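Structure file model-v6.tsv (TSV, C-alpha atoms and all ligand atoms) is printed below.
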```
chain	number	residue	atom	x	y	z
A	1	MET	CA	4.73	20.73	5.52
A	2	ASP	CA	5.64	19.96	1.90
A	3	ARG	CA	2.87	18.96	-0.43
A	4	ILE	CA	2.34	15.20	-0.54
A	5	ASP	CA	1.83	13.31	-3.79
A	6	LEU	CA	0.07	9.97	-3.75
A	7	LEU	CA	0.39	7.55	-6.66
A	8	PHE	CA	-1.67	4.36	-6.77
A	9	LEU	CA	0.60	1.65	-8.17
A	10	GLY	CA	-2.00	-1.08	-7.60
A	11	THR	CA	-5.58	-1.17	-6.34
A	12	GLY	CA	-6.59	-4.82	-6.74
A	13	THR	CA	-7.27	-7.59	-4.29
A	14	SER	CA	-4.78	-10.40	-3.64
A	15	ALA	CA	-5.47	-12.36	-6.86
A	16	GLY	CA	-5.30	-9.24	-9.07
A	17	ILE	CA	-7.99	-8.27	-11.59
A	18	PRO	CA	-8.53	-9.81	-14.09
A	19	MET	CA	-8.19	-13.06	-12.16
A	20	ILE	CA	-6.70	-16.09	-13.88
A	21	GLY	CA	-9.47	-18.14	-15.46
A	22	CYS	CA	-12.37	-15.77	-14.68
A	23	ARG	CA	-14.65	-14.51	-17.44
A	24	CYS	CA	-16.95	-12.28	-15.41
A	25	ALA	CA	-17.91	-8.82	-16.66
A	26	VAL	CA	-15.20	-7.03	-14.66
A	27	CYS	CA	-12.39	-9.52	-15.42
A	28	SER	CA	-13.20	-9.25	-19.15
A	29	SER	CA	-13.94	-5.50	-19.10
A	30	THR	CA	-12.24	-3.30	-21.69
A	31	ASP	CA	-12.21	-0.34	-19.28
A	32	PRO	CA	-8.57	0.00	-18.17
A	33	HIS	CA	-9.82	1.16	-14.73
A	34	ASP	CA	-11.03	-2.41	-14.18
A	35	GLN	CA	-7.49	-3.81	-14.47
A	36	ARG	CA	-6.11	-3.86	-10.98
A	37	SER	CA	-2.67	-5.02	-9.92
A	38	ARG	CA	-1.88	-5.88	-6.30
A	39	PRO	CA	-2.24	-3.04	-3.77
A	40	SER	CA	0.59	-0.55	-3.31
A	41	VAL	CA	1.15	3.20	-3.32
A	42	LEU	CA	4.07	5.57	-3.73
A	43	ILE	CA	4.03	8.54	-1.35
A	44	SER	CA	6.30	11.45	-2.30
A	45	TYR	CA	7.17	14.76	-0.64
A	46	GLY	CA	10.14	17.07	-1.07
A	47	ARG	CA	12.90	14.85	-2.48
A	48	THR	CA	11.64	11.73	-0.70
A	49	ARG	CA	9.77	8.83	-2.33
A	50	VAL	CA	8.39	6.07	-0.11
A	51	LEU	CA	7.02	2.82	-1.46
A	52	VAL	CA	4.29	1.21	0.63
A	53	ASP	CA	4.46	-2.60	0.22
A	54	THR	CA	6.25	-4.58	-2.50
A	55	THR	CA	3.70	-6.46	-4.59
A	56	PRO	CA	4.36	-9.32	-7.03
A	57	GLU	CA	3.86	-6.70	-9.79
A	58	LEU	CA	6.35	-4.18	-8.38
A	59	ARG	CA	8.57	-4.14	-11.47
A	60	LEU	CA	5.67	-3.59	-13.87
A	61	GLN	CA	4.12	-1.00	-11.57
A	62	CYS	CA	7.35	1.01	-11.55
A	63	LEU	CA	7.81	0.76	-15.33
A	64	ARG	CA	4.20	1.74	-16.08
A	65	ASN	CA	4.28	4.74	-13.76
A	66	GLY	CA	7.80	6.01	-14.39
A	67	VAL	CA	9.03	5.28	-10.85
A	68	GLU	CA	12.80	5.38	-11.25
A	69	MET	CA	13.90	5.73	-7.63
A	70	ILE	CA	12.61	5.15	-4.14
A	71	ASP	CA	14.17	6.12	-0.82
A	72	ALA	CA	12.49	3.68	1.59
A	73	VAL	CA	9.92	0.92	1.80
A	74	VAL	CA	7.19	0.76	4.45
A	75	PHE	CA	5.20	-2.45	4.98
A	76	THR	CA	1.59	-2.71	6.14
A	77	HIS	CA	1.76	-6.46	6.86
A	78	GLY	CA	3.32	-9.69	5.65
A	79	HIS	CA	0.68	-11.17	3.34
A	80	ALA	CA	1.98	-12.45	-0.01
A	81	ASP	CA	0.18	-9.83	-2.12
A	82	HIS	CA	2.03	-7.11	-0.16
A	83	ILE	CA	5.58	-8.50	0.01
A	84	MET	CA	6.35	-10.88	-2.87
A	85	GLY	CA	8.01	-8.27	-5.09
A	86	LEU	CA	10.68	-7.38	-2.52
A	87	ASP	CA	13.45	-8.90	-4.67
A	88	ASP	CA	12.84	-6.22	-7.33
A	89	VAL	CA	14.05	-3.43	-5.04
A	90	ARG	CA	17.62	-4.55	-5.79
A	91	ARG	CA	17.34	-2.34	-8.90
A	92	PHE	CA	16.97	0.64	-6.58
A	93	ASN	CA	20.01	-0.57	-4.61
A	94	ALA	CA	21.98	-0.59	-7.87
A	95	LEU	CA	20.70	2.83	-8.98
A	96	ARG	CA	21.43	4.47	-5.63
A	97	ASP	CA	24.55	2.39	-5.03
A	98	GLY	CA	23.52	1.80	-1.46
A	99	PRO	CA	21.15	0.03	0.89
A	100	LEU	CA	17.45	0.75	1.36
A	101	ASP	CA	15.59	1.17	4.64
A	102	ILE	CA	12.65	-1.17	5.07
A	103	TRP	CA	10.20	-0.25	7.79
A	104	ALA	CA	7.92	-2.93	9.29
A	105	ASP	CA	6.61	-4.14	12.62
A	106	GLU	CA	8.15	-7.18	14.33
A	107	LEU	CA	5.59	-9.63	12.94
A	108	THR	CA	6.12	-8.48	9.36
A	109	HIS	CA	9.93	-8.47	9.65
A	110	ALA	CA	9.72	-12.12	10.75
A	111	VAL	CA	7.68	-12.98	7.63
A	112	LEU	CA	10.10	-11.05	5.38
A	113	GLU	CA	13.06	-12.90	6.85
A	114	ARG	CA	11.38	-16.27	6.37
A	115	SER	CA	10.30	-15.48	2.81
A	116	PHE	CA	13.51	-13.78	1.64
A	117	GLY	CA	16.20	-15.50	3.72
A	118	TYR	CA	18.87	-14.90	1.06
A	119	ALA	CA	18.33	-11.13	1.27
A	120	PHE	CA	19.19	-11.12	4.97
A	121	ALA	CA	22.14	-13.56	4.82
A	122	PRO	CA	25.62	-12.16	5.62
A	123	PRO	CA	26.84	-9.87	2.81
A	124	ARG	CA	28.88	-11.35	-0.07
A	125	PRO	CA	30.24	-8.55	-2.28
A	126	GLU	CA	30.17	-10.72	-5.43
A	127	MET	CA	26.42	-11.28	-4.91
A	128	LYS	CA	25.74	-7.57	-4.57
A	129	ILE	CA	23.59	-7.04	-7.65
A	130	PHE	CA	21.71	-10.32	-7.30
A	131	ARG	CA	19.95	-9.66	-4.06
A	132	PRO	CA	18.39	-6.73	-2.28
A	133	HIS	CA	20.49	-4.82	0.25
A	134	LEU	CA	18.13	-3.90	3.05
A	135	ILE	CA	18.39	-2.14	6.38
A	136	ARG	CA	15.77	-3.35	8.84
A	137	ARG	CA	13.92	-0.55	10.62
A	138	ARG	CA	11.43	-1.60	13.25
A	139	ILE	CA	8.12	0.20	13.63
A	140	ASP	CA	7.10	0.46	17.28
A	141	GLY	CA	5.59	3.93	17.23
A	142	PRO	CA	5.71	7.05	15.06
A	143	PHE	CA	8.86	7.26	12.92
A	144	GLU	CA	10.41	9.71	10.49
A	145	ILE	CA	11.30	9.40	6.82
A	146	GLY	CA	12.75	12.41	5.01
A	147	GLY	CA	11.88	14.72	7.89
A	148	ILE	CA	8.15	13.83	7.95
A	149	THR	CA	6.48	11.79	10.70
A	150	TRP	CA	4.73	8.54	9.80
A	151	THR	CA	2.16	7.55	12.43
A	152	PRO	CA	1.24	3.85	12.44
A	153	ILE	CA	-2.52	3.23	12.66
A	154	PRO	CA	-3.33	-0.15	14.28
A	155	LEU	CA	-5.97	-1.99	12.22
A	156	ILE	CA	-7.60	-5.42	12.43
A	157	HIS	CA	-7.45	-7.60	9.30
A	158	GLY	CA	-9.49	-10.71	10.17
A	159	ASP	CA	-7.46	-12.02	13.10
A	160	VAL	CA	-4.19	-10.32	12.09
A	161	PRO	CA	-3.06	-6.95	13.47
A	162	VAL	CA	-1.82	-4.81	10.56
A	163	LEU	CA	-0.74	-1.20	10.14
A	164	GLY	CA	-2.21	1.72	8.32
A	165	PHE	CA	-0.19	4.94	8.18
A	166	ARG	CA	-0.89	8.61	8.58
A	167	ILE	CA	1.43	11.12	6.93
A	168	GLY	CA	0.27	14.71	7.43
A	169	SER	CA	-3.31	14.90	6.15
A	170	LEU	CA	-3.06	11.60	4.22
A	171	ALA	CA	-3.88	8.14	5.63
A	172	TYR	CA	-3.41	4.78	3.89
A	173	CYS	CA	-5.44	1.96	5.43
A	174	THR	CA	-5.49	-1.16	3.25
A	175	ASP	CA	-6.43	-4.68	4.40
A	176	VAL	CA	-8.81	-3.90	7.23
A	177	SER	CA	-12.00	-5.50	8.51
A	178	GLN	CA	-12.23	-3.47	11.70
A	179	ILE	CA	-10.85	-0.15	12.89
A	180	PRO	CA	-10.27	0.01	16.67
A	181	ASP	CA	-11.80	3.07	18.41
A	182	ASN	CA	-8.37	4.45	19.33
A	183	SER	CA	-7.36	4.33	15.69
A	184	PHE	CA	-10.37	6.45	14.68
A	185	ASP	CA	-8.87	9.13	16.95
A	186	LEU	CA	-5.67	9.05	14.86
A	187	LEU	CA	-7.65	9.64	11.66
A	188	ARG	CA	-9.23	13.02	12.42
A	189	GLY	CA	-8.84	15.98	10.07
A	190	LEU	CA	-7.69	14.16	6.93
A	191	ASP	CA	-7.66	15.55	3.43
A	192	VAL	CA	-7.27	12.12	1.79
A	193	LEU	CA	-8.14	8.73	3.25
A	194	VAL	CA	-7.35	5.51	1.37
A	195	LEU	CA	-9.43	2.62	2.66
A	196	ASP	CA	-9.98	-1.09	1.92
A	197	ALA	CA	-13.27	-1.88	0.12
A	198	LEU	CA	-13.23	-5.42	-1.28
A	199	GLN	CA	-16.70	-6.19	-2.60
A	200	HIS	CA	-20.40	-6.15	-1.70
A	201	ARG	CA	-20.44	-9.61	-0.13
A	202	LYS	CA	-19.43	-9.97	3.54
A	203	HIS	CA	-15.81	-11.09	3.98
A	204	PRO	CA	-13.89	-12.25	7.08
A	205	THR	CA	-10.77	-10.12	6.54
A	206	HIS	CA	-11.82	-7.06	4.49
A	207	PHE	CA	-14.41	-4.28	4.63
A	208	THR	CA	-17.31	-4.61	2.24
A	209	LEU	CA	-18.03	-1.46	0.23
A	210	ALA	CA	-20.92	-0.60	2.59
A	211	GLU	CA	-18.71	-1.11	5.68
A	212	ALA	CA	-15.98	1.00	4.09
A	213	VAL	CA	-18.44	3.82	3.31
A	214	GLU	CA	-19.71	3.73	6.89
A	215	ALA	CA	-16.16	3.89	8.32
A	216	ALA	CA	-15.25	6.62	5.83
A	217	ARG	CA	-18.27	8.69	6.98
A	218	ARG	CA	-17.21	8.34	10.61
A	219	ILE	CA	-13.64	9.39	9.74
A	220	GLY	CA	-14.91	12.29	7.61
A	221	ALA	CA	-11.89	12.89	5.36
A	222	ARG	CA	-12.39	15.50	2.66
A	223	ARG	CA	-11.84	12.76	0.04
A	224	THR	CA	-11.87	8.98	0.42
A	225	LEU	CA	-10.44	6.59	-2.16
A	226	PHE	CA	-11.12	2.86	-1.94
A	227	THR	CA	-8.55	0.17	-2.75
A	228	HIS	CA	-7.93	-3.62	-2.55
A	229	ILE	CA	-10.89	-4.04	-4.92
A	230	ALA	CA	-12.14	-7.45	-6.08
A	231	HIS	CA	-13.96	-8.31	-9.32
A	232	GLY	CA	-17.41	-7.77	-7.80
A	233	LEU	CA	-17.03	-3.98	-8.21
A	234	ALA	CA	-17.00	-2.53	-11.73
A	235	HIS	CA	-15.16	0.78	-11.68
A	236	ALA	CA	-17.51	3.09	-13.59
A	237	ALA	CA	-20.80	1.62	-12.36
A	238	THR	CA	-19.69	1.56	-8.72
A	239	ASN	CA	-18.33	5.11	-8.77
A	240	ALA	CA	-21.56	6.38	-10.34
A	241	GLN	CA	-23.41	5.20	-7.23
A	242	LEU	CA	-20.92	6.49	-4.67
A	243	PRO	CA	-20.88	10.05	-3.33
A	244	ALA	CA	-18.46	12.32	-5.21
A	245	GLU	CA	-16.11	12.53	-2.21
A	246	MET	CA	-15.85	8.70	-1.98
A	247	GLN	CA	-14.67	6.86	-5.07
A	248	LEU	CA	-12.88	3.69	-6.10
A	249	ALA	CA	-9.23	4.38	-6.89
A	250	TYR	CA	-7.54	2.84	-9.93
A	251	ASP	CA	-4.04	1.84	-10.95
A	252	GLY	CA	-2.09	4.90	-12.05
A	253	LEU	CA	-4.28	7.44	-10.21
A	254	ARG	CA	-2.27	10.42	-8.90
A	255	VAL	CA	-3.61	12.57	-6.10
A	256	VAL	CA	-2.21	15.76	-4.59
A	257	VAL	CA	-2.85	15.84	-0.84
A	258	ASP	CA	-3.59	19.29	0.55
A	259	PRO	CA	-2.34	20.25	3.99
A	260	ILE	CA	-5.20	20.80	6.45
B	301	ZN	ZN	-3.95	-7.67	0.69
B	302	ZN	ZN	-13.92	-12.07	-12.45
B	303	ZN	ZN	-3.70	-8.98	3.82
```
Representation of the structure as structure tokens:
Amino acid sequence: MDRIDLLFLGTGTSAGIPMIGCRCAVCSSTDPHDQRSRPSVLISYGRTRVLVDTTPELRLQCLRNGVEMIDAVVFTHGHADHIMGLDDVRRFNALRDGPLDIWADELTHAVLERSFGYAFAPPRPEMKIFRPHLIRRRIDGPFEIGGITWTPIPLIHGDVPVLGFRIGSLAYCTDVSQIPDNSFDLLRGLDVLVLDALQHRKHPTHFTLAEAVEAARRIGARRTLFTHIAHGLAHAATNAQLPAEMQLAYDGLRVVVDPI
């Protein structure tokens, strides 16, 4: 398999860090690692670049990180922090002069259609550059993008079923409060695991840092990087207390995934 490159476009929780109107130590930190936009990654291999989720900061994330083309979008679930930048992908339609595949399960497609009705209305050529041109691809099992298999990993996010994904020896599991036993079986032998770790305090829809560390130990990836981070976790201080193979990710972090 080709080498896989992972780029963290955003690693923050749904409100983003700093949060509007918060003056806590992390929200007012001068460490750039403490500035977290909404959670998304770009996964690249060969000539293929796949965007996972379209956050409200998609445009800025692409500009900051030099992302000038994508070949497909894959959605984890339909929450606002993961979908609200979908309109911005019309730039990629213009640059590639063609439509873009968007992969999502049934539930998430329904949310996308409700939230971006205009993007799914019958085509009008004169409106071409003003709305995204999307091809719906339904996830109901493993699927292929650019010749590589993406395996959906069923996860529980409060009371919502969401998807993580495994691509070779990489897995991306954001927005999770419980991993079903069967899904642990899909996560064996990873080089890099990306996992939700919101904060220290118990939360109904996300892993705490301690819960994330426990799940990460059970999964046993060579490296684990935490994402969807709230303002309770300062980057440098938290990482100093975590084992070297488990660290908080940060916006702009690039990781090369080794085949196992
Ligand atoms: Zn989220
Ligand atoms: Zn704060
Ligand atoms: Zn969510």
* At most 12 Å from ligand ZN 301 (chain B) (all atoms listed in the file): residue list as number ranges by chain -> A: 10-16, 37-40, 53-56, 75-84, 157-158, 160, 162-163, 173-177, 195-198, 205-207, 227-230
* To do: Find the distance between CA of Ser183 in chain A and CA of Thr224 in chain A and write it in Å to one decimal.
  =>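 Rounded to one decimal, the two atoms are 16.6 Å apart.
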* Find the distance between CA of Phe92 in chain A and CA of Leu170 in chain A and write it in Å to one decimal. =>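 Separation of CA of Phe92 in chain A and CA of Leu170 in chain A: 25.3 Å.
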* Asked: If you measure from CA of Ala212 in chain A to CA of Ile260 in chain A, what distance in Å do you get, rounded to one decimal?
  -> 22.7 Å
* **Neighbour residues at most 10 Å from (8.0, 14.7, 3.1) (all atoms listed in the file) as a list in words** =>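 Those within range, by chain then number, are Met1, Asp2, Arg3, Ile4, Asp5, Ile43, Ser44, Tyr45, Gly46, Arg47, Thr48, Arg49, Val50, Glu144, Ile145, Gly146, Gly147, Ile148, Thr149, Trp150, Ile167 and Gly168 of chain A.
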Those selected residues, please, written with C-alpha atoms and delivered as a compact mmCIF listing (two decimals), in the frame of the given file.
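Okay, again.txt is ready:
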```txt
# COMPACT_ATOMS: atom_id res chain seq x y z
CA MET A 1 4.73 20.73 5.52
CA ASP A 2 5.64 19.96 1.90
CA ARG A 3 2.87 18.96 -0.43
CA ILE A 4 2.34 15.20 -0.54
CA ASP A 5 1.83 13.31 -3.79
CA ILE A 43 4.03 8.54 -1.35
CA SER A 44 6.30 11.45 -2.30
CA TYR A 45 7.17 14.76 -0.64
CA GLY A 46 10.14 17.07 -1.07
CA ARG A 47 12.90 14.85 -2.48
CA THR A 48 11.64 11.73 -0.70
CA ARG A 49 9.77 8.83 -2.33
CA VAL A 50 8.39 6.07 -0.11
CA GLU A 144 10.41 9.71 10.49
CA ILE A 145 11.30 9.40 6.82
CA GLY A 146 12.75 12.41 5.01
CA GLY A 147 11.88 14.72 7.89
CA ILE A 148 8.15 13.83 7.95
CA THR A 149 6.48 11.79 10.70
CA TRP A 150 4.73 8.54 9.80
CA ILE A 167 1.43 11.12 6.93
CA GLY A 168 0.27 14.71 7.43
```
Please, can range 70-88 of chain A be completed to N, CA and C atoms and returned as a short mmCIF file (atom, residue, chain, number, x, y, z; two decimals), in the frame of the given file?
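selection_38.cif, freshly written:
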```
data_model
loop_
_atom_site.label_atom_id
_atom_site.label_comp_id
_atom_site.auth_asym_id
_atom_site.auth_seq_id
_atom_site.Cartn_x
_atom_site.Cartn_y
_atom_site.Cartn_z
N ILE A 70 13.32 5.02 -5.42
CA ILE A 70 12.61 5.15 -4.14
C ILE A 70 13.65 5.32 -3.05
N ASP A 71 13.23 5.85 -1.91
CA ASP A 71 14.17 6.12 -0.82
C ASP A 71 13.95 5.24 0.40
N ALA A 72 12.77 4.58 0.47
CA ALA A 72 12.49 3.68 1.59
C ALA A 72 11.26 2.86 1.23
N VAL A 73 11.12 1.73 1.94
CA VAL A 73 9.92 0.92 1.80
C VAL A 73 9.27 0.81 3.18
N VAL A 74 7.94 0.95 3.22
CA VAL A 74 7.19 0.76 4.45
C VAL A 74 6.19 -0.36 4.21
N PHE A 75 6.11 -1.32 5.15
CA PHE A 75 5.20 -2.45 4.98
C PHE A 75 4.00 -2.34 5.91
N THR A 76 2.82 -2.68 5.35
CA THR A 76 1.59 -2.71 6.14
C THR A 76 1.46 -4.01 6.91
N HIS A 77 1.83 -5.13 6.25
CA HIS A 77 1.76 -6.46 6.86
C HIS A 77 2.43 -7.46 5.92
N GLY A 78 2.49 -8.72 6.36
CA GLY A 78 3.32 -9.69 5.65
C GLY A 78 2.59 -10.62 4.69
N HIS A 79 1.37 -10.29 4.28
CA HIS A 79 0.68 -11.17 3.34
C HIS A 79 1.35 -11.13 1.96
N ALA A 80 1.24 -12.27 1.24
CA ALA A 80 1.98 -12.45 -0.01
C ALA A 80 1.73 -11.33 -1.01
N ASP A 81 0.48 -10.87 -1.12
CA ASP A 81 0.18 -9.83 -2.12
C ASP A 81 0.85 -8.50 -1.78
N HIS A 82 1.40 -8.37 -0.57
CA HIS A 82 2.03 -7.11 -0.16
C HIS A 82 3.56 -7.19 -0.07
N ILE A 83 4.12 -8.40 -0.19
CA ILE A 83 5.58 -8.50 0.01
C ILE A 83 6.33 -9.20 -1.13
N MET A 84 5.64 -9.95 -1.99
CA MET A 84 6.35 -10.88 -2.87
C MET A 84 7.21 -10.25 -3.96
N GLY A 85 7.14 -8.93 -4.11
CA GLY A 85 8.01 -8.27 -5.09
C GLY A 85 9.27 -7.69 -4.48
N LEU A 86 9.54 -8.02 -3.22
CA LEU A 86 10.68 -7.38 -2.52
C LEU A 86 11.99 -7.55 -3.27
N ASP A 87 12.18 -8.69 -3.95
CA ASP A 87 13.45 -8.90 -4.67
C ASP A 87 13.73 -7.78 -5.68
N ASP A 88 12.66 -7.24 -6.29
CA ASP A 88 12.84 -6.22 -7.33
C ASP A 88 13.47 -4.93 -6.82
#
```
